[in-house]
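Enquirer: Sharing a structure below in structure tokens format, with a few things to ask.
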Amino acid sequence: MKRKNGFKNKDILSADQFSRQDLIFLFQKAKLMKKIVRAGKNSKMLQGKIMTALFYEPSSRTFGSFISAMQRLGGGIIPLQGMTYSSVAKGETLEDTIRTFECYSDIIVLRHPEVGSAKKAALASTVPIINAGDGVGEHPTQALLDLFTILGKFKKIDGLKIAFVGDLLNGRTVHSLSKLLAKMGKVEFFFVSPKILRMPEDLKDQLKNRVLITQVEKLDEVIKKVNVLYVTRIQKERFSNLSVYEKIKNFYIVNKKLMEQARKDLILMHPLPRVGEINPDVDNDSRAVYLTEQMSNGLHVRMALLASVLGKIK
Ligand code: ASP
Ligand code: CP
């Protein structure tokens, strides 16, 4: 069946905005992108288009994969990371910065420390804005690549048991991914976190109408049951009191021994960067996908997304 591109000229701000049809469309295109990349081919699909990557917060994967995605499709880039050398350092507002780069580019990818910043940017912008992480809010493109990775392994979502582990309060990837999964099928969630880092109440309220949720503190209570173990970093930069962070930072450590208790068909995911919560002795476990499929899918999904938003894919 031929599906419509529901992304054309749209801002990408939240996992809430995607329909099932959108996701099926995007993932079909992401598979094509994967083939292009794997075959070592070049595409000119986005020739003549320019993307600004405006990153006020640190990033390796999101920044790198968006840049790579644009260039692999023949487009141009304005890469700005850290803002030390842009006029933001002179005190320019987000709105004025957005107005500047809309004059020079066709799409702006924004990472910013404030919740709601992507929406604010979208209101100021005539070109599409992609939210690459707005503080403790959302990270919708990460959720897209995570869902693509999960579907790549299990082919369907219905019936999956998924554990989200770590900093569920401040982790924007888990906010977006839980919304997306809840929309896509009948899943069961296990929220595993220290008490002070539980999923935000409003998000739990939104999810609990669709999904069975169990909230626990100990990972060994759920490790045997789940199909997906999605581990996250305790988000140090969100703590106002660093001594609280220091006490809690090693709350979960997934290692070889723990993995012995997990299902054979489990996948172990992490949006990365990790800072100790997954021991490197697990990296070669065939169930670990964070350094392989999950990360490379980021490129394929973002290629498909850029081409779709810029209207160069039907
Ligand atoms: N890279 C992800 C993010 O920016 C996860 C993390 O930083 O822990 O949200
Ligand atoms: N997963 C993710 O967003 O990684 P970066 O922070 O390195 O972009």
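Identifiers in this document derive from the order of the structure tokens: chains are assigned A, B, ..., residues are numbered from 1 separately in each chain, and ligands are numbered from 1 in order of occurrence.
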List every residue of chain A that has an atom at most 10 Å from any atom of ligand 2, giving for each one its closest atom pair and the distance in Å to one decimal, counting only C-alpha atoms and all ligand atoms, sorted by chain and then by ascending residue number, as CSV.
Expert:
residue,atom,partner,partner_atom_place_in_ligand_line,distance
A:Phe55,CA,ligand 2,8 (O),9.6
A:Glu57,CA,ligand 2,6 (O),8.3
A:Pro58,CA,ligand 2,6 (O),6.3
A:Ser59,CA,ligand 2,8 (O),3.7
A:Ser60,CA,ligand 2,7 (O),3.5
A:Arg61,CA,ligand 2,8 (O),3.9
A:Thr62,CA,ligand 2,8 (O),3.6
A:Phe63,CA,ligand 2,8 (O),5.7
A:Gly64,CA,ligand 2,8 (O),7.5
A:Ser65,CA,ligand 2,8 (O),8.4
A:Phe66,CA,ligand 2,8 (O),9.6
A:Arg111,CA,ligand 2,8 (O),9.0
A:Ala132,CA,ligand 2,3 (O),7.4
A:Gly133,CA,ligand 2,3 (O),7.3
A:His139,CA,ligand 2,3 (O),7.4
A:Pro140,CA,ligand 2,3 (O),9.9
A:Thr141,CA,ligand 2,3 (O),8.7
A:Gln142,CA,ligand 2,1 (N),6.3
A:Ala143,CA,ligand 2,1 (N),9.5
A:Leu145,CA,ligand 2,1 (N),9.7
A:Asp146,CA,ligand 2,1 (N),9.7
A:Arg172,CA,ligand 2,3 (O),9.2
A:Thr173,CA,ligand 2,1 (N),7.7
A:Thr232,CA,ligand 2,1 (N),9.8
A:His270,CA,ligand 2,1 (N),7.9
A:Pro271,CA,ligand 2,1 (N),4.2
A:Leu272,CA,ligand 2,1 (N),5.0
A:Pro273,CA,ligand 2,7 (O),5.9
A:Arg274,CA,ligand 2,4 (O),9.6
A:Tyr290,CA,ligand 2,1 (N),9.7
A:Gln294,CA,ligand 2,1 (N),9.5
A:Met295,CA,ligand 2,1 (N),8.0
A:Gly298,CA,ligand 2,1 (N),8.6
Enquirer: For segment 258-260 of chain A, find every residue with an atom within 9 Å (counting only C-alpha atoms), except residues of its own chain fewer than 2 positions away, and show them as a ChimeraX atom specification.
Expert: /A:220,223,253-256,262-264,282,285
Enquirer: Filtering to all heavy atoms, could you give me those residues as a PDB file, in the first residue's frame?
Expert:
ATOM      1  N   ASP A 220      16.696  -6.509  39.776  1.00  0.00           N
ATOM      2  CA  ASP A 220      16.594  -7.975  39.792  1.00  0.00           C
ATOM      3  C   ASP A 220      15.151  -8.469  39.969  1.00  0.00           C
ATOM      4  O   ASP A 220      14.861  -9.640  39.785  1.00  0.00           O
ATOM      5  CB  ASP A 220      17.566  -8.635  40.784  1.00  0.00           C
ATOM      6  CG  ASP A 220      17.507  -8.011  42.148  1.00  0.00           C
ATOM      7  OD1 ASP A 220      16.511  -7.293  42.400  1.00  0.00           O
ATOM      8  OD2 ASP A 220      18.435  -8.217  42.952  1.00  0.00           O
ATOM      9  N   ILE A 223      14.374  -8.324  35.815  1.00  0.00           N
ATOM     10  CA  ILE A 223      15.336  -8.701  34.762  1.00  0.00           C
ATOM     11  C   ILE A 223      14.949  -9.981  34.012  1.00  0.00           C
ATOM     12  O   ILE A 223      15.138 -10.095  32.806  1.00  0.00           O
ATOM     13  CB  ILE A 223      16.781  -8.784  35.336  1.00  0.00           C
ATOM     14  CG1 ILE A 223      17.814  -9.100  34.258  1.00  0.00           C
ATOM     15  CG2 ILE A 223      16.907  -9.809  36.457  1.00  0.00           C
ATOM     16  CD1 ILE A 223      18.295  -7.939  33.484  1.00  0.00           C
ATOM     17  N   ILE A 253      24.055  -1.090  37.878  1.00  0.00           N
ATOM     18  CA  ILE A 253      25.152  -1.458  36.993  1.00  0.00           C
ATOM     19  C   ILE A 253      24.791  -2.802  36.346  1.00  0.00           C
ATOM     20  O   ILE A 253      24.606  -3.817  37.026  1.00  0.00           O
ATOM     21  CB  ILE A 253      26.500  -1.548  37.740  1.00  0.00           C
ATOM     22  CG1 ILE A 253      26.867  -0.151  38.278  1.00  0.00           C
ATOM     23  CG2 ILE A 253      27.604  -2.067  36.808  1.00  0.00           C
ATOM     24  CD1 ILE A 253      28.130  -0.069  39.088  1.00  0.00           C
ATOM     25  N   VAL A 254      24.636  -2.746  35.028  1.00  0.00           N
ATOM     26  CA  VAL A 254      24.336  -3.982  34.300  1.00  0.00           C
ATOM     27  C   VAL A 254      25.670  -4.609  33.922  1.00  0.00           C
ATOM     28  O   VAL A 254      26.507  -3.979  33.273  1.00  0.00           O
ATOM     29  CB  VAL A 254      23.506  -3.674  33.024  1.00  0.00           C
ATOM     30  CG1 VAL A 254      23.291  -4.944  32.208  1.00  0.00           C
ATOM     31  CG2 VAL A 254      22.172  -3.036  33.400  1.00  0.00           C
ATOM     32  N   ASN A 255      25.877  -5.849  34.355  1.00  0.00           N
ATOM     33  CA  ASN A 255      27.132  -6.536  34.025  1.00  0.00           C
ATOM     34  C   ASN A 255      26.824  -7.959  33.547  1.00  0.00           C
ATOM     35  O   ASN A 255      25.668  -8.368  33.481  1.00  0.00           O
ATOM     36  CB  ASN A 255      28.086  -6.531  35.222  1.00  0.00           C
ATOM     37  CG  ASN A 255      27.417  -7.112  36.465  1.00  0.00           C
ATOM     38  OD1 ASN A 255      26.469  -7.894  36.351  1.00  0.00           O
ATOM     39  ND2 ASN A 255      27.896  -6.732  37.636  1.00  0.00           N
ATOM     40  N   LYS A 256      27.884  -8.651  33.231  1.00  0.00           N
ATOM     41  CA  LYS A 256      27.763  -9.992  32.671  1.00  0.00           C
ATOM     42  C   LYS A 256      26.930 -10.915  33.572  1.00  0.00           C
ATOM     43  O   LYS A 256      26.095 -11.679  33.106  1.00  0.00           O
ATOM     44  CB  LYS A 256      29.176 -10.560  32.509  1.00  0.00           C
ATOM     45  CG  LYS A 256      29.328 -11.449  31.337  1.00  0.00           C
ATOM     46  CD  LYS A 256      30.775 -11.793  31.133  1.00  0.00           C
ATOM     47  CE  LYS A 256      30.890 -12.629  29.883  1.00  0.00           C
ATOM     48  NZ  LYS A 256      32.241 -12.753  29.423  1.00  0.00           N
ATOM     49  N   ALA A 262      18.914 -12.714  32.425  1.00  0.00           N
ATOM     50  CA  ALA A 262      17.977 -12.142  31.451  1.00  0.00           C
ATOM     51  C   ALA A 262      17.578 -13.170  30.395  1.00  0.00           C
ATOM     52  O   ALA A 262      18.256 -14.180  30.207  1.00  0.00           O
ATOM     53  CB  ALA A 262      18.616 -10.938  30.785  1.00  0.00           C
ATOM     54  N   ARG A 263      16.472 -12.873  29.702  1.00  0.00           N
ATOM     55  CA  ARG A 263      15.992 -13.780  28.662  1.00  0.00           C
ATOM     56  C   ARG A 263      16.995 -13.872  27.515  1.00  0.00           C
ATOM     57  O   ARG A 263      17.747 -12.945  27.254  1.00  0.00           O
ATOM     58  CB  ARG A 263      14.670 -13.239  28.094  1.00  0.00           C
ATOM     59  CG  ARG A 263      13.526 -13.256  29.065  1.00  0.00           C
ATOM     60  CD  ARG A 263      12.372 -12.464  28.480  1.00  0.00           C
ATOM     61  NE  ARG A 263      11.865 -13.100  27.288  1.00  0.00           N
ATOM     62  CZ  ARG A 263      10.619 -13.577  27.159  1.00  0.00           C
ATOM     63  NH1 ARG A 263       9.766 -13.483  28.167  1.00  0.00           N
ATOM     64  NH2 ARG A 263      10.235 -14.132  26.042  1.00  0.00           N
ATOM     65  N   LYS A 264      16.903 -14.992  26.819  1.00  0.00           N
ATOM     66  CA  LYS A 264      17.821 -15.197  25.684  1.00  0.00           C
ATOM     67  C   LYS A 264      17.474 -14.264  24.524  1.00  0.00           C
ATOM     68  O   LYS A 264      18.319 -13.894  23.722  1.00  0.00           O
ATOM     69  CB  LYS A 264      17.733 -16.655  25.186  1.00  0.00           C
ATOM     70  CG  LYS A 264      18.261 -17.666  26.200  1.00  0.00           C
ATOM     71  CD  LYS A 264      19.781 -17.821  26.089  1.00  0.00           C
ATOM     72  CE  LYS A 264      20.403 -18.573  27.229  1.00  0.00           C
ATOM     73  NZ  LYS A 264      20.435 -17.906  28.530  1.00  0.00           N
ATOM     74  N   VAL A 282      29.746  -6.489  28.974  1.00  0.00           N
ATOM     75  CA  VAL A 282      28.503  -6.903  28.335  1.00  0.00           C
ATOM     76  C   VAL A 282      28.506  -6.584  26.834  1.00  0.00           C
ATOM     77  O   VAL A 282      27.697  -7.106  26.070  1.00  0.00           O
ATOM     78  CB  VAL A 282      27.311  -6.182  29.027  1.00  0.00           C
ATOM     79  CG1 VAL A 282      25.994  -6.537  28.372  1.00  0.00           C
ATOM     80  CG2 VAL A 282      27.248  -6.503  30.503  1.00  0.00           C
ATOM     81  N   ASP A 285      28.069  -9.259  24.241  1.00  0.00           N
ATOM     82  CA  ASP A 285      26.878 -10.098  24.362  1.00  0.00           C
ATOM     83  C   ASP A 285      26.005  -9.834  23.126  1.00  0.00           C
ATOM     84  O   ASP A 285      25.780  -8.672  22.769  1.00  0.00           O
ATOM     85  CB  ASP A 285      26.136  -9.692  25.648  1.00  0.00           C
ATOM     86  CG  ASP A 285      24.992 -10.615  26.004  1.00  0.00           C
ATOM     87  OD1 ASP A 285      24.172 -10.918  25.110  1.00  0.00           O
ATOM     88  OD2 ASP A 285      24.906 -11.025  27.176  1.00  0.00           O
TER      89      ASP A 285
END
Enquirer: Within 8 Å of Thr52 of chain A, counting only C-alpha atoms, which residues show up once you throw out same-chain ones fewer than 4 positions away? Write them as a ChimeraX atom specification, please.
Expert: /A:77-80,101,105-109
Enquirer: Any chance you can output those residues with N, CA, C and O atoms as a PDB file, in the first residue's frame?
Expert:
ATOM      1  N   ILE A  77      25.502  21.720   5.326  1.00  0.00           N
ATOM      2  CA  ILE A  77      25.296  21.863   6.783  1.00  0.00           C
ATOM      3  C   ILE A  77      25.887  23.158   7.331  1.00  0.00           C
ATOM      4  O   ILE A  77      26.888  23.665   6.827  1.00  0.00           O
ATOM      5  N   ILE A  78      25.238  23.681   8.361  1.00  0.00           N
ATOM      6  CA  ILE A  78      25.838  24.721   9.202  1.00  0.00           C
ATOM      7  C   ILE A  78      25.918  24.106  10.603  1.00  0.00           C
ATOM      8  O   ILE A  78      24.901  24.015  11.300  1.00  0.00           O
ATOM      9  N   PRO A  79      27.094  23.612  10.982  1.00  0.00           N
ATOM     10  CA  PRO A  79      27.195  22.934  12.282  1.00  0.00           C
ATOM     11  C   PRO A  79      27.597  23.907  13.399  1.00  0.00           C
ATOM     12  O   PRO A  79      28.662  24.500  13.348  1.00  0.00           O
ATOM     13  N   LEU A  80      26.734  24.076  14.393  1.00  0.00           N
ATOM     14  CA  LEU A  80      27.043  24.962  15.527  1.00  0.00           C
ATOM     15  C   LEU A  80      26.885  24.183  16.816  1.00  0.00           C
ATOM     16  O   LEU A  80      25.780  23.743  17.164  1.00  0.00           O
ATOM     17  N   PHE A 101      19.178  31.797  11.383  1.00  0.00           N
ATOM     18  CA  PHE A 101      19.503  30.584  10.623  1.00  0.00           C
ATOM     19  C   PHE A 101      18.401  30.154   9.663  1.00  0.00           C
ATOM     20  O   PHE A 101      18.664  29.397   8.728  1.00  0.00           O
ATOM     21  N   SER A 105      19.233  28.565   5.980  1.00  0.00           N
ATOM     22  CA  SER A 105      19.050  27.115   5.828  1.00  0.00           C
ATOM     23  C   SER A 105      17.579  26.742   5.678  1.00  0.00           C
ATOM     24  O   SER A 105      16.691  27.567   5.910  1.00  0.00           O
ATOM     25  N   ASP A 106      17.341  25.494   5.313  1.00  0.00           N
ATOM     26  CA  ASP A 106      15.982  25.018   5.020  1.00  0.00           C
ATOM     27  C   ASP A 106      15.360  24.268   6.192  1.00  0.00           C
ATOM     28  O   ASP A 106      14.168  23.964   6.183  1.00  0.00           O
ATOM     29  N   ILE A 107      16.183  23.937   7.175  1.00  0.00           N
ATOM     30  CA  ILE A 107      15.695  23.174   8.328  1.00  0.00           C
ATOM     31  C   ILE A 107      16.676  23.400   9.484  1.00  0.00           C
ATOM     32  O   ILE A 107      17.879  23.581   9.246  1.00  0.00           O
ATOM     33  N   ILE A 108      16.140  23.435  10.707  1.00  0.00           N
ATOM     34  CA  ILE A 108      17.019  23.665  11.869  1.00  0.00           C
ATOM     35  C   ILE A 108      16.819  22.535  12.874  1.00  0.00           C
ATOM     36  O   ILE A 108      15.680  22.246  13.276  1.00  0.00           O
ATOM     37  N   VAL A 109      17.914  21.906  13.249  1.00  0.00           N
ATOM     38  CA  VAL A 109      17.881  20.875  14.285  1.00  0.00           C
ATOM     39  C   VAL A 109      18.399  21.521  15.568  1.00  0.00           C
ATOM     40  O   VAL A 109      19.504  22.059  15.593  1.00  0.00           O
TER      41      VAL A 109
END
Enquirer: According to DSSP computed on the backbone, where in segment 153-289 of chain A is there alpha helix (DSSP H)? Give the residues as number ranges by chain.
Expert: A: 153-154, 172-184, 201-208, 242-248, 256-259
Enquirer: Deliver the residues from the most recent selection as a file, using N, CA and C atoms, as a JSON list (two decimals), in the first residue's frame.
Expert:
[["chain", "number", "residue", "atom", "x", "y", "z"],
["A", 153, "LYS", "N", 14.12, -5.98, 15.64],
["A", 153, "LYS", "CA", 14.41, -7.23, 16.34],
["A", 153, "LYS", "C", 13.16, -8.11, 16.51],
["A", 154, "PHE", "N", 12.07, -7.48, 16.97],
["A", 154, "PHE", "CA", 10.89, -8.29, 17.35],
["A", 154, "PHE", "C", 9.80, -8.32, 16.28],
["A", 172, "ARG", "N", 15.10, 12.42, 28.99],
["A", 172, "ARG", "CA", 14.12, 12.78, 27.94],
["A", 172, "ARG", "C", 13.90, 11.65, 26.95],
["A", 173, "THR", "N", 14.89, 10.77, 26.80],
["A", 173, "THR", "CA", 14.70, 9.67, 25.83],
["A", 173, "THR", "C", 13.59, 8.73, 26.29],
["A", 174, "VAL", "N", 13.54, 8.47, 27.59],
["A", 174, "VAL", "CA", 12.50, 7.56, 28.08],
["A", 174, "VAL", "C", 11.12, 8.21, 28.03],
["A", 175, "HIS", "N", 11.10, 9.53, 28.16],
["A", 175, "HIS", "CA", 9.79, 10.21, 28.06],
["A", 175, "HIS", "C", 9.22, 10.01, 26.65],
["A", 176, "SER", "N", 10.06, 10.27, 25.65],
["A", 176, "SER", "CA", 9.57, 10.16, 24.27],
["A", 176, "SER", "C", 9.31, 8.70, 23.88],
["A", 177, "LEU", "N", 10.21, 7.81, 24.24],
["A", 177, "LEU", "CA", 10.04, 6.41, 23.81],
["A", 177, "LEU", "C", 8.83, 5.75, 24.46],
["A", 178, "SER", "N", 8.59, 6.05, 25.73],
["A", 178, "SER", "CA", 7.43, 5.41, 26.39],
["A", 178, "SER", "C", 6.13, 5.87, 25.71],
["A", 179, "LYS", "N", 6.07, 7.14, 25.33],
["A", 179, "LYS", "CA", 4.87, 7.63, 24.64],
["A", 179, "LYS", "C", 4.67, 6.92, 23.30],
["A", 180, "LEU", "N", 5.78, 6.78, 22.60],
["A", 180, "LEU", "CA", 5.70, 6.19, 21.26],
["A", 180, "LEU", "C", 5.31, 4.71, 21.32],
["A", 181, "LEU", "N", 5.89, 3.98, 22.24],
["A", 181, "LEU", "CA", 5.58, 2.56, 22.37],
["A", 181, "LEU", "C", 4.13, 2.35, 22.79],
["A", 182, "ALA", "N", 3.68, 3.20, 23.70],
["A", 182, "ALA", "CA", 2.30, 3.07, 24.20],
["A", 182, "ALA", "C", 1.31, 3.27, 23.06],
["A", 183, "LYS", "N", 1.70, 4.10, 22.12],
["A", 183, "LYS", "CA", 0.83, 4.39, 20.99],
["A", 183, "LYS", "C", 0.84, 3.26, 19.95],
["A", 184, "MET", "N", 1.97, 2.57, 19.86],
["A", 184, "MET", "CA", 2.16, 1.60, 18.80],
["A", 184, "MET", "C", 1.60, 0.21, 19.07],
["A", 201, "GLU", "N", 4.88, 12.28, 37.12],
["A", 201, "GLU", "CA", 3.50, 11.84, 37.38],
["A", 201, "GLU", "C", 2.58, 12.11, 36.19],
["A", 202, "ASP", "N", 2.73, 13.29, 35.57],
["A", 202, "ASP", "CA", 1.81, 13.61, 34.46],
["A", 202, "ASP", "C", 2.01, 12.65, 33.29],
["A", 203, "LEU", "N", 3.25, 12.25, 33.07],
["A", 203, "LEU", "CA", 3.51, 11.31, 31.98],
["A", 203, "LEU", "C", 2.93, 9.92, 32.32],
["A", 204, "LYS", "N", 3.10, 9.52, 33.58],
["A", 204, "LYS", "CA", 2.53, 8.22, 34.00],
["A", 204, "LYS", "C", 1.01, 8.23, 33.82],
["A", 205, "ASP", "N", 0.39, 9.35, 34.17],
["A", 205, "ASP", "CA", -1.07, 9.46, 34.00],
["A", 205, "ASP", "C", -1.46, 9.30, 32.55],
["A", 206, "GLN", "N", -0.66, 9.92, 31.68],
["A", 206, "GLN", "CA", -0.95, 9.84, 30.25],
["A", 206, "GLN", "C", -0.81, 8.40, 29.75],
["A", 207, "LEU", "N", 0.19, 7.68, 30.29],
["A", 207, "LEU", "CA", 0.49, 6.33, 29.79],
["A", 207, "LEU", "C", -0.43, 5.26, 30.37],
["A", 208, "LYS", "N", -0.89, 5.49, 31.61],
["A", 208, "LYS", "CA", -1.52, 4.35, 32.30],
["A", 208, "LYS", "C", -2.89, 3.95, 31.74],
["A", 242, "LEU", "N", 24.96, 18.33, 43.73],
["A", 242, "LEU", "CA", 25.80, 17.25, 43.18],
["A", 242, "LEU", "C", 26.10, 16.13, 44.17],
["A", 243, "SER", "N", 25.94, 16.43, 45.48],
["A", 243, "SER", "CA", 26.20, 15.35, 46.44],
["A", 243, "SER", "C", 25.09, 14.29, 46.34],
["A", 244, "VAL", "N", 23.88, 14.73, 45.95],
["A", 244, "VAL", "CA", 22.79, 13.76, 45.74],
["A", 244, "VAL", "C", 23.14, 12.88, 44.54],
["A", 245, "TYR", "N", 23.64, 13.52, 43.48],
["A", 245, "TYR", "CA", 24.06, 12.75, 42.29],
["A", 245, "TYR", "C", 25.13, 11.73, 42.66],
["A", 246, "GLU", "N", 26.14, 12.17, 43.43],
["A", 246, "GLU", "CA", 27.25, 11.29, 43.79],
["A", 246, "GLU", "C", 26.75, 10.04, 44.52],
["A", 247, "LYS", "N", 25.74, 10.23, 45.36],
["A", 247, "LYS", "CA", 25.21, 9.09, 46.14],
["A", 247, "LYS", "C", 24.47, 8.10, 45.26],
["A", 248, "ILE", "N", 23.89, 8.60, 44.19],
["A", 248, "ILE", "CA", 22.95, 7.80, 43.43],
["A", 248, "ILE", "C", 23.52, 7.29, 42.10],
["A", 256, "LYS", "N", 27.88, -8.65, 33.23],
["A", 256, "LYS", "CA", 27.76, -9.99, 32.67],
["A", 256, "LYS", "C", 26.93, -10.91, 33.57],
["A", 257, "LYS", "N", 27.18, -10.78, 34.85],
["A", 257, "LYS", "CA", 26.50, -11.64, 35.81],
["A", 257, "LYS", "C", 24.99, -11.40, 35.80],
["A", 258, "LEU", "N", 24.63, -10.14, 35.80],
["A", 258, "LEU", "CA", 23.21, -9.80, 35.76],
["A", 258, "LEU", "C", 22.56, -10.29, 34.46],
["A", 259, "MET", "N", 23.31, -10.16, 33.38],
["A", 259, "MET", "CA", 22.78, -10.57, 32.07],
["A", 259, "MET", "C", 22.50, -12.08, 32.00]]
Enquirer: One decimal, Å: what's the distance from atom CA of Thr100 of chain A over to atom 7 (O, counted along the ligand's line) of ligand 1, could you say?
Expert: 27.4 Å
Enquirer: With distances taken over only C-alpha atoms and all ligand atoms, which residue among A:Leu147, A:Leu299, A:Val136, A:Ala307 lies nearest ligand 1?
Expert: A:Val136
Enquirer: Name the residues of segment 100-174 of chain A that come out as strand (DSSP E) in a backbone DSSP run; write them as a list in words.
Expert: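 Put together, the selection reads Ile107, Ile108, Val109, Leu110, Arg111, His112, Ile129, Ile130, Asn131, Ala132, Gly133, Asp134, Lys161, Ile162, Ala163, Phe164 and Val165 of chain A.
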Enquirer: For C-alpha atoms, I'd like the residues from the last selection saved as a PDB file, in the first residue's frame.
Expert:
ATOM      1  CA  ILE A 107      15.695  23.174   8.328  1.00  0.00           C
ATOM      2  CA  ILE A 108      17.019  23.665  11.869  1.00  0.00           C
ATOM      3  CA  VAL A 109      17.881  20.875  14.285  1.00  0.00           C
ATOM      4  CA  LEU A 110      17.905  22.254  17.819  1.00  0.00           C
ATOM      5  CA  ARG A 111      19.199  20.907  21.115  1.00  0.00           C
ATOM      6  CA  HIS A 112      18.643  23.230  24.045  1.00  0.00           C
ATOM      7  CA  ILE A 129      12.442  22.777  13.540  1.00  0.00           C
ATOM      8  CA  ILE A 130      13.528  19.354  14.734  1.00  0.00           C
ATOM      9  CA  ASN A 131      13.735  18.886  18.493  1.00  0.00           C
ATOM     10  CA  ALA A 132      17.055  17.142  19.208  1.00  0.00           C
ATOM     11  CA  GLY A 133      16.429  17.278  22.974  1.00  0.00           C
ATOM     12  CA  ASP A 134      14.787  20.066  25.005  1.00  0.00           C
ATOM     13  CA  LYS A 161       7.581  -6.224  28.194  1.00  0.00           C
ATOM     14  CA  ILE A 162       9.902  -3.251  28.416  1.00  0.00           C
ATOM     15  CA  ALA A 163      11.953  -2.098  31.397  1.00  0.00           C
ATOM     16  CA  PHE A 164      13.157   1.492  31.526  1.00  0.00           C
ATOM     17  CA  VAL A 165      16.008   1.770  33.992  1.00  0.00           C
TER      18      VAL A 165
END
Enquirer: Can you pull out the residues contacting Leu23 of chain A? Cut-off 12 Å, using only C-alpha atoms, and skip same-chain residues under 3 positions away; I want them as JSON, numbers by chain.
Expert: {"A": [3, 4, 5, 6, 7, 15, 16, 17, 18, 19, 20, 26, 27, 28, 29, 30, 141, 143, 144, 145, 147, 148, 151, 180, 181, 183, 184, 301, 304, 305, 308]}
Enquirer: Report, in Å to a single decimal, how far apart atom CA of Tyr104 of chain A and atom CA of Ile36 of chain A are.
Expert: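 Separation between atom CA of Ile36 of chain A and atom CA of Tyr104 of chain A: 28.0 Å.
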Enquirer: Considering only C-alpha atoms and all ligand atoms, state which residue in the set A:Gly152, A:Gly185, A:Gly276, A:Pro128 is at the smallest distance from ligand 1.
Expert: A:Gly276
Enquirer: Write out as a PyMOL selection string which residues come within 9 Å of Gly48 of chain A when counting only C-alpha atoms, dropping same-chain ones fewer than 4 positions away.
Expert: chain A and resi 44+74-76
Enquirer: Pick from A:Leu266, A:Val228, A:Leu168, A:Ile196: nearest to ligand 1, with only C-alpha atoms and all ligand atoms counted?
Expert: A:Leu168
Enquirer: For ligand 1, which of A:Tyr56, A:Phe251, A:Tyr85, A:Phe25 is the closest residue, counting only C-alpha atoms and all ligand atoms?
Expert: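 Selected residue with least distance to ligand 1: A:Tyr56.
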